[in-house]
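Note sheet for the following structure.
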Amino acid sequence: MGAGAPSGTSGPSTLTPEFLAEWRNAAYNCYSSGHKFCREVCPVMQVTRDESHTPTAFHANVVAMEGGHLSIEDVASDYVHCTQCGACELRCPNTLFTGDFYRFRTRTVDLVKAMRTLAVDSGIEQPQWKEWNELTERFRSEPVLNGTPVSQDTVAAWATGLDLPVGGETILFCDCEAAFYRTSLPRAVARILQHASVEFGLMREQWCCGGPAAEMGYAEQARRFAEHNVADWRAAGAKRIIVLDPHDYITFTEDYPRYFGEEFDFEIVLMVELVAELVREGKLELTVPIERVATYHDACRLNKRKGIHEAPREILRAIPGLTFKDVDHVTQWSYCSGAGAGFAIERPEIAAEIARRRVEKAAELEIDTLVSACVWSERPLTEQGAGRQQPIEVVDLMELVAQAAGLEAD
Amino acid sequence: MATAGLEASAVDELRAICGHDYVFTGKSARYNRARVPAPFPLHRWADHVPDAVVLPQTAQQISEVVKLANRYRIPVVPRAGGTGLTDGAVPLRHGILVDVKLMNRILELDLEDRTVTVQPGISMLKLNEELKKHGVIYPDNPASYPCSLVGGRIGTSGWSLIGARYGHTRDLVISFQIVLPTGELIEVGDGGGRKVRKSSTGYQLKHLFMGHQGTLGIVTEATLELVPRPEAEFSAFFTYPDYMTAWRSTGALAKSGVATLAGVVLFDERKLDYLRRDDEAYIPQPPEVKAVTATAMYGNADEVRVGAKRLLKIGLDSGGSYLGDEISQGDWASRHDRYATPQHGRTRSGQVALMSWHCEDASIPWTALPKVREEWHAIADRLIQRFDMFDDWGMFAYTNGAYKPWADYLTEIDIGIWEMQWDDESWTAWVEAKRDIAAVAIAHGGSISACHGACREGEVDLVPLELGGGFDVMKKIKRALDPNNIMNPGKYLLDQAYEKEEVEE
């Protein structure tokens with residue numbers, strides 16, 4: 001195209017007063033700061049090096065849109081470039097140093113979600129996300145099997161032979177990726193819970209948590225899925241929900257309370273924290289040596305979004321035989337598997353490069369095993385780890401725990 | 001004269017050179033590369049938007065882009081981190097913005113001759129993450145350490161917080177490769193060899209291309225100094241009952257001759273008031289504390305240990321009270337994050353307003369610091385009285401000389417600006433205030449800028465006054481190297497080089 005002179009300088013804002021009421025100050029706070037310290041921790045920016053993919057741009061766009069310089073059409077595809085890992089929020093001086101005092105926290109993740117929602121609501125859809133969410137709508141679970149349909153008939157097939165009840169006060173929610181793809185994880189989780197005498201049941205009819213739809217901008221769909229799941233929990237008499245995946249944990253502790261307010265009175269229990277507690281209290285003994293040299297991949301949604309980094313390390317240190325080469329959780333702010341927020345669906349090549357770099361960091365430690373506590377990270381990291389000259393195996397922390405507890409794998 | 005706007009054929013050629021995926025003409029790519037963290041005329045954003053953005057990956061591509069720009073007479077603006085504070089990376093005439101961030105590889109690590117050769121798009125943070133594994137570091141340490149890039153450090157002739165010990169960018173960059181304004185690729189250093197630190201051969205061209213603010217080309221590769229990763233760090237903060245005592249103490253510390261001394265920083269009372277605006281600040285100190293001096297040292301443990309004792313004695317003997325290890329170490333460690341906080345902005349009535357940080361920096365001799373301080377605050381106060389959108393965030397003075405920190409100081413007055421309020425009147429008043437601040441620096445034997453450069457509106461008007469005959473040489477060099485005024489036109493008043501009388505001279 002012939003770009004001509006710069007144009008579009010005085011159009012009306014495409015942002016509603018409600019949107020501006022929520023985001024105007026946050027946008028100016030970032031715009032005024034200009035530190036850009038968020039940039040080099042951003043997993044996407046580290047690969048693309050494109051200034052339009054930075055939290056700075058994500059916030060400045062609000063300022064430009066309010067001024068009529070840019071519209072949602074101009075920026076929608078930029079907001080695809082985020083895994084919603086939350087590193088930028090932690091690295092923001094506005095959060096780090098004065099956040100508590102001013103009761104302000106940089107919320108880039110929420111801004112990205114809001115902009116993606118605005119795009120979808122404006123009829124601007126990303127093709128892969130559109131298809132993904134249509135399929136999720138149809139099958140009630142995410143289409144994680146690369147073309148092989150998932151189905152409500154098989155959503156609990158992972159539990160075959162484990163003799164798990166349905167319903168009860170404690171429900172184990174099984175993430176889509178775990179339910180259909182990495183079934184070794186939920187099986188390990190179920191065996192650990194049984195072994196530690198934790199009573200639990202499955203949902204009558206589990207749908208996707210809705211979190212990924214919300215992350216990609218399909219807010220209405222996400223809400224409907226949430227309503228279904230909460231109704232199912234209530235019908236089952238549930239009071240507490242055990243989650244085995246950090247993404248679900250975010251959805252249930254952040255999105256659902258926002259949807260349902262005080263009515264949302266379920267206790268949400270993260271499996272990793274529960275296991276750490278069981279080990280600490282002697283209710284789960286890890287006695288079978290695991291002769292591996294491992295490092296731990298801090299799941300973004302645990303470490304960066306929720307500040308959970310001690311529990312997985314506590315468990316790893318309790319596993320006999322394991323040589324654990326740790327990398328501190330702050331260094332890992334800049335690490336990511338690329339798997340979050342639908343990014344890998346819409347930009348698979350960049351996501352794969354993010355995963356490759358993460359595995360490279362692990363390889364520098366001369367390990368044979370990369371332990372994760374996020375099932376979504378495990379497929380891309382496995383693909384990169386397996387392709388190496390000296391392969392690195394990616395295992396879930398719960399799979400290791402089950403093994404160390406002497407629980408038979410399938 | 002270069003023209004604004006790109007012909008379709010020029011865009012096609014850019015894509016042929018850089019690859020289709022690395023040429024952007026969409027609006028968000030261009031609007032997000034129009035500004036830097038310096039105060040920006042938000043009400044005139046569109047005036048600074050480039051016509052196209054390219055992300056080249058090789059020096060050859062940059063050379064071809066610059067040659068194309070000469071053929072079409074299109075301005076070229078280089079951009080590295082976009083973190084500079086003198087608008088070097090802000091396009092004044094639209095054109096092609098050459099963003100070097102994708103060129104961020106380490107090309108060669110030479111632990112024998114102690115150099116690392118890098119592309120211009122790497123940050124010091126990322127570079128040092130790699131270097132520290134080998135027991136060495138590249139000690140260029142600006143406030144923007146986590147995000148500024150090597151290319152921009154050369155373009156601005158940057159200043160380092162630990163420059164008294166290790167030198168500043170010009171001392172740490174041994175040589176570099178640069179695409180000239182007409183597209184030729186050359187290597188410049190002190191002399192010839194890429195890894196030679198000191199040479200007497202020919203003109204000292206390295207310095208010519210340091211701090212050119214994109215007006216003389218685009219750096220495509222740089223060979224940098226490696227120093228041993230310091231075994232020990234020591235920082236000490238002292239408080240004082242009045243500014244003049246602190247100023248004398250700062251002078252005594254800076255003149256100590258301690259070789260491991262990396263810098264001395266003087267905070268004035270208004271800076272302390274600013275830092276006290278939140279209860280997390282390190283200065284929960286009684287109101288009788290009117291000034292602070294900070295020092296830092298790096299080196300081998302045995303050297304730092306004895307140096308620290310000497311510095312502590314000087315600080316105490318000259319009227320300071322030591323703030324303690326925890327505060328000293330903690331605040332020095334957070335030096336990169338502390339330098340501006342939008343929420344600390346206050347209107348005249350004390351209301352919080354989100355303000356941008358403007359740092360007006362000058363080089364000022366130690367003897368002139370007290371007087372400059374008075375005059376600068378008076379300028380800021382007049383501005384605040386006229387427009388309830390400015391705020392005085394106080395002053396710092398940092399030892400400025402590399403290896404010889406005892407004389408001149410990087411002196412800065414930080415002014416908060418509520419940029420949502422800009423209009424033409426307030427912008428004009430601001431530009432005038434900046435010119436006044438620069439005039440004070442020159443009048444006291446200083447220089448307009450110690451670290452950012454001096455090509456923003458206002459201050460730039462006084463560059464000919466500061467440089468005298470040197471500015472005429474600048475114009476001749478600019479015209480000789482950039483006959484079509486392609487490289488970052490409009491900066492540093494260098495359009496004057498192409499005016500009729502200059503050309504005929």
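Naming works like this for the structure tokens: A, B, ... for the chains as they're shown, residue 1 at the start of each chain, ligands 1 onward in shown order.
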
Using only C-alpha atoms and a cut-off of 7 Å, which residues of chain B sit close to chain A? Please list them as a ChimeraX atom specification. /B:4-8,11,25,27-29,32,37,46,49,51,101-102,146-147,278-280,337,340-342,354-356

Can you spit out the residues from that selection as a CSV table (one decimal), in the first residue's frame, using N, CA and C atoms?
```csv
chain,number,residue,atom,x,y,z
B,4,ALA,N,7.4,14.3,3.3
B,4,ALA,CA,6.6,13.3,4.1
B,4,ALA,C,5.7,12.4,3.2
B,5,GLY,N,5.4,11.3,3.7
B,5,GLY,CA,4.6,10.4,2.9
B,5,GLY,C,5.4,9.4,2.0
B,6,LEU,N,4.9,8.2,1.9
B,6,LEU,CA,5.7,7.2,1.1
B,6,LEU,C,4.9,6.8,-0.1
B,7,GLU,N,5.6,6.7,-1.2
B,7,GLU,CA,5.0,6.2,-2.4
B,7,GLU,C,4.9,4.6,-2.3
B,8,ALA,N,3.9,4.1,-3.0
B,8,ALA,CA,3.6,2.7,-2.9
B,8,ALA,C,4.9,1.9,-3.3
B,11,VAL,N,7.3,1.5,-0.5
B,11,VAL,CA,6.9,0.5,0.5
B,11,VAL,C,7.2,-0.9,-0.1
B,25,THR,N,2.9,-0.8,8.0
B,25,THR,CA,2.3,0.5,7.6
B,25,THR,C,1.0,0.8,8.4
B,27,LYS,N,-1.6,1.5,11.4
B,27,LYS,CA,-1.6,2.7,12.3
B,27,LYS,C,-1.0,2.4,13.7
B,28,SER,N,-1.4,1.3,14.2
B,28,SER,CA,-0.9,1.1,15.6
B,28,SER,C,0.6,0.9,15.7
B,29,ALA,N,1.2,0.3,14.7
B,29,ALA,CA,2.7,0.1,14.6
B,29,ALA,C,3.3,1.5,14.5
B,32,ASN,N,2.6,3.8,17.9
B,32,ASN,CA,3.3,3.3,19.0
B,32,ASN,C,4.8,3.5,18.9
B,37,PRO,N,9.7,8.3,26.5
B,37,PRO,CA,9.1,8.7,27.8
B,37,PRO,C,9.2,10.2,28.1
B,46,ALA,N,-0.2,13.1,16.2
B,46,ALA,CA,-0.2,12.8,14.7
B,46,ALA,C,1.0,13.4,14.0
B,49,VAL,N,4.1,10.9,13.8
B,49,VAL,CA,3.9,9.5,13.4
B,49,VAL,C,4.7,9.2,12.1
B,51,ASP,N,5.8,7.2,8.7
B,51,ASP,CA,4.9,6.6,7.6
B,51,ASP,C,5.0,5.1,7.5
B,101,LYS,N,15.2,-3.4,17.2
B,101,LYS,CA,15.0,-4.3,18.4
B,101,LYS,C,15.2,-5.8,18.0
B,102,LEU,N,14.9,-6.1,16.8
B,102,LEU,CA,15.1,-7.5,16.4
B,102,LEU,C,16.5,-7.9,16.2
B,146,PRO,N,17.0,-1.9,32.6
B,146,PRO,CA,16.3,-3.1,32.2
B,146,PRO,C,15.7,-3.0,30.8
B,147,CYS,N,15.7,-1.8,30.2
B,147,CYS,CA,15.0,-1.7,28.9
B,147,CYS,C,15.7,-0.9,27.8
B,278,ASP,N,5.1,8.6,49.6
B,278,ASP,CA,4.4,7.4,49.9
B,278,ASP,C,5.1,6.7,51.1
B,279,ASP,N,4.4,6.0,51.8
B,279,ASP,CA,5.0,5.4,53.1
B,279,ASP,C,5.9,4.2,52.9
B,280,GLU,N,6.0,3.8,51.6
B,280,GLU,CA,7.0,2.7,51.3
B,280,GLU,C,8.4,3.3,51.0
B,337,ASP,N,14.2,1.5,39.6
B,337,ASP,CA,12.7,1.5,39.6
B,337,ASP,C,12.2,2.8,40.2
B,340,ALA,N,10.9,7.5,38.9
B,340,ALA,CA,9.7,8.3,38.6
B,340,ALA,C,8.5,7.5,39.0
B,341,THR,N,7.5,8.2,39.5
B,341,THR,CA,6.3,7.5,39.9
B,341,THR,C,5.1,8.4,39.6
B,342,PRO,N,4.4,8.1,38.5
B,342,PRO,CA,3.3,9.0,38.1
B,342,PRO,C,2.4,9.4,39.2
B,354,LEU,N,-1.9,12.1,37.8
B,354,LEU,CA,-1.0,11.2,37.2
B,354,LEU,C,0.0,12.0,36.3
B,355,MET,N,1.2,12.1,36.7
B,355,MET,CA,2.2,12.9,36.0
B,355,MET,C,3.3,12.1,35.4
B,356,SER,N,3.8,12.6,34.3
B,356,SER,CA,5.0,12.1,33.6
B,356,SER,C,6.2,12.7,34.3
```

List the spatial neighbours of range 232-249 of chain A as a PyMOL selection string - criterion: any atom at most 9 Å away, only C-alpha atoms, same-chain residues fewer than 3 positions off excluded. chain A and resi 166-175+178+185-186+189+200+203-206+209-212+227-229+252-254+265-272+274+299-302+340+373-376+398

Would you please give, as a PyMOL selection string, all residues of range 261-491 of chain B that DSSP assigns to helix (DSSP H, G or I) based on the backbone? chain B and resi 269-275+301-317+325-333+342-344+366-386+419-421+424-443+459-467+469-481+491

Work out how far apart CA of Trp129 in chain A and CA of Gly217 in chain A are and give it in Å to one decimal.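 CA of Trp129 in chain A sits 9.1 Å away from CA of Gly217 in chain A.
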
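The gap separating CA of Val401 in chain A from CA of Val198 in chain A is 15.5 Å, in Å to one decimal.
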
Please give the complete set of residues from range 14-218 of chain A that DSSP, run on the backbone, assigns to strand (DSSP E), formatted as a VMD selection string. chain A and resid 170 to 173

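Residues within 8 Å of Leu172 in chain B, counting only C-alpha atoms and excluding same-chain residues fewer than 2 positions away, are Tyr138, Pro139, Asp140, Tyr166, Gly167, His168, Thr169, Arg170, Ile174, Leu224 and Glu225 of chain B.
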
Go ahead and save the picked residues with C-alpha atoms, as a PDB file, in the first residue's frame.
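Produced file out17.pdb, reproduced below:
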```pdb
ATOM      1  CA  TYR B 138      29.210  -4.974  30.754  1.00  0.00           C
ATOM      2  CA  PRO B 139      28.878  -2.210  33.337  1.00  0.00           C
ATOM      3  CA  ASP B 140      26.792   0.369  31.483  1.00  0.00           C
ATOM      4  CA  TYR B 166      33.629   1.913  35.107  1.00  0.00           C
ATOM      5  CA  GLY B 167      33.118   4.775  32.694  1.00  0.00           C
ATOM      6  CA  HIS B 168      30.125   5.795  30.646  1.00  0.00           C
ATOM      7  CA  THR B 169      28.909   4.475  27.312  1.00  0.00           C
ATOM      8  CA  ARG B 170      31.589   6.279  25.303  1.00  0.00           C
ATOM      9  CA  ILE B 174      35.281   0.090  22.111  1.00  0.00           C
ATOM     10  CA  LEU B 224      31.948  -3.635  24.151  1.00  0.00           C
ATOM     11  CA  GLU B 225      34.228  -3.687  27.165  1.00  0.00           C
TER      12      GLU B 225
END
```

So what do you get for CA of Arg305 in chain B versus CA of Tyr322 in chain B, distance-wise? 16.5 Å

Fewer than 4 positions away in the same chain doesn't count, so skip those; otherwise give me all residues within 12 Å of Gln351 in chain B, counting only C-alpha atoms, as a ChimeraX atom specification. /B:277,343-347,355,388-389,391,418

Output N, CA and C atoms for every residue in the selection just made, as a PDB file, in the first residue's frame.
```pdb
ATOM      1  N   ARG B 277       6.466  11.016  49.654  1.00  0.00           N
ATOM      2  CA  ARG B 277       5.029  11.064  49.353  1.00  0.00           C
ATOM      3  C   ARG B 277       4.332   9.719  49.515  1.00  0.00           C
ATOM      4  N   GLN B 343       2.076   8.431  40.119  1.00  0.00           N
ATOM      5  CA  GLN B 343       1.090   8.717  41.152  1.00  0.00           C
ATOM      6  C   GLN B 343       1.581   9.703  42.189  1.00  0.00           C
ATOM      7  N   HIS B 344       2.878   9.970  42.219  1.00  0.00           N
ATOM      8  CA  HIS B 344       3.382  10.980  43.139  1.00  0.00           C
ATOM      9  C   HIS B 344       3.100  12.402  42.645  1.00  0.00           C
ATOM     10  N   GLY B 345       2.523  12.536  41.482  1.00  0.00           N
ATOM     11  CA  GLY B 345       2.192  13.870  40.978  1.00  0.00           C
ATOM     12  C   GLY B 345       1.144  14.532  41.869  1.00  0.00           C
ATOM     13  N   ARG B 346       1.348  15.826  42.130  1.00  0.00           N
ATOM     14  CA  ARG B 346       0.400  16.566  42.970  1.00  0.00           C
ATOM     15  C   ARG B 346       0.072  17.909  42.307  1.00  0.00           C
ATOM     16  N   THR B 347      -1.199  18.264  42.368  1.00  0.00           N
ATOM     17  CA  THR B 347      -1.567  19.613  41.950  1.00  0.00           C
ATOM     18  C   THR B 347      -1.195  20.586  43.059  1.00  0.00           C
ATOM     19  N   MET B 355       1.218  12.055  36.716  1.00  0.00           N
ATOM     20  CA  MET B 355       2.170  12.930  36.029  1.00  0.00           C
ATOM     21  C   MET B 355       3.320  12.146  35.413  1.00  0.00           C
ATOM     22  N   ASP B 388      -1.539  24.688  36.666  1.00  0.00           N
ATOM     23  CA  ASP B 388      -1.674  23.699  37.743  1.00  0.00           C
ATOM     24  C   ASP B 388      -1.557  22.280  37.177  1.00  0.00           C
ATOM     25  N   MET B 389      -0.498  22.065  36.451  1.00  0.00           N
ATOM     26  CA  MET B 389      -0.265  20.745  35.844  1.00  0.00           C
ATOM     27  C   MET B 389       1.204  20.361  35.948  1.00  0.00           C
ATOM     28  N   ASP B 391       4.756  20.036  38.589  1.00  0.00           N
ATOM     29  CA  ASP B 391       5.071  19.744  39.980  1.00  0.00           C
ATOM     30  C   ASP B 391       6.588  19.601  40.088  1.00  0.00           C
ATOM     31  N   TRP B 418       1.417  16.796  34.259  1.00  0.00           N
ATOM     32  CA  TRP B 418       0.117  16.150  34.057  1.00  0.00           C
ATOM     33  C   TRP B 418      -0.217  16.286  32.571  1.00  0.00           C
TER      34      TRP B 418
END
```

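All residues of protein, DNA or RNA that reach within 7 Å of range 109-119 of chain A, judged by only C-alpha atoms and not counting those fewer than 3 positions away in the chain, are Ile72, Ala76, Tyr79, Gln84, Gly86, Ser122, Gly123, Ile124, Glu125, Glu215, Met216, Gly217, Tyr218 and Ala219 of chain A.
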
Smallest atom-to-atom distance to Asp110 in chain B: which of B:Val258, B:Cys455, B:Ile477, B:Leu226, using only C-alpha atoms? B:Leu226

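In this comparison, which uses only C-alpha atoms, the residue of A:Arg280, A:Leu397, A:Leu164, A:Ile308 approaching Arg191 in chain A most closely is A:Leu164.
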
If you count only C-alpha atoms, which residues fall within 9 Å of range 431-444 of chain B, apart from same-chain ones fewer than 6 positions away, as a ChimeraX atom specification? /B:360-365,368-369,371-372,375-376,379-380,382-383,456-462,465-466

Using the selection just defined, write its residues with C-alpha atoms as a short mmCIF file (atom, residue, chain, number, x, y, z; two decimals), in the first residue's frame.
```cif
data_model
loop_
_atom_site.label_atom_id
_atom_site.label_comp_id
_atom_site.auth_asym_id
_atom_site.auth_seq_id
_atom_site.Cartn_x
_atom_site.Cartn_y
_atom_site.Cartn_z
CA GLU B 360 16.17 18.12 32.78
CA ASP B 361 19.80 17.15 33.03
CA ALA B 362 22.89 19.30 32.77
CA SER B 363 26.59 19.02 33.51
CA ILE B 364 27.39 21.50 36.26
CA PRO B 365 30.69 22.15 38.07
CA ALA B 368 28.02 26.08 40.92
CA LEU B 369 25.59 23.47 42.26
CA LYS B 371 23.34 28.52 42.80
CA VAL B 372 21.99 26.42 39.93
CA GLU B 375 17.69 29.24 39.98
CA TRP B 376 16.21 26.03 38.63
CA ILE B 379 11.97 28.48 37.17
CA ALA B 380 9.91 25.45 38.15
CA ARG B 382 7.04 30.11 38.16
CA LEU B 383 5.78 27.38 35.84
CA ARG B 456 14.41 18.79 22.45
CA GLU B 457 12.35 21.87 21.77
CA GLY B 458 13.51 24.80 23.88
CA GLU B 459 16.93 23.69 25.05
CA VAL B 460 18.06 22.99 21.50
CA ASP B 461 17.86 26.71 20.72
CA LEU B 462 20.85 27.24 22.99
CA LEU B 465 25.41 29.31 22.21
CA GLU B 466 26.96 26.44 24.17
#
```
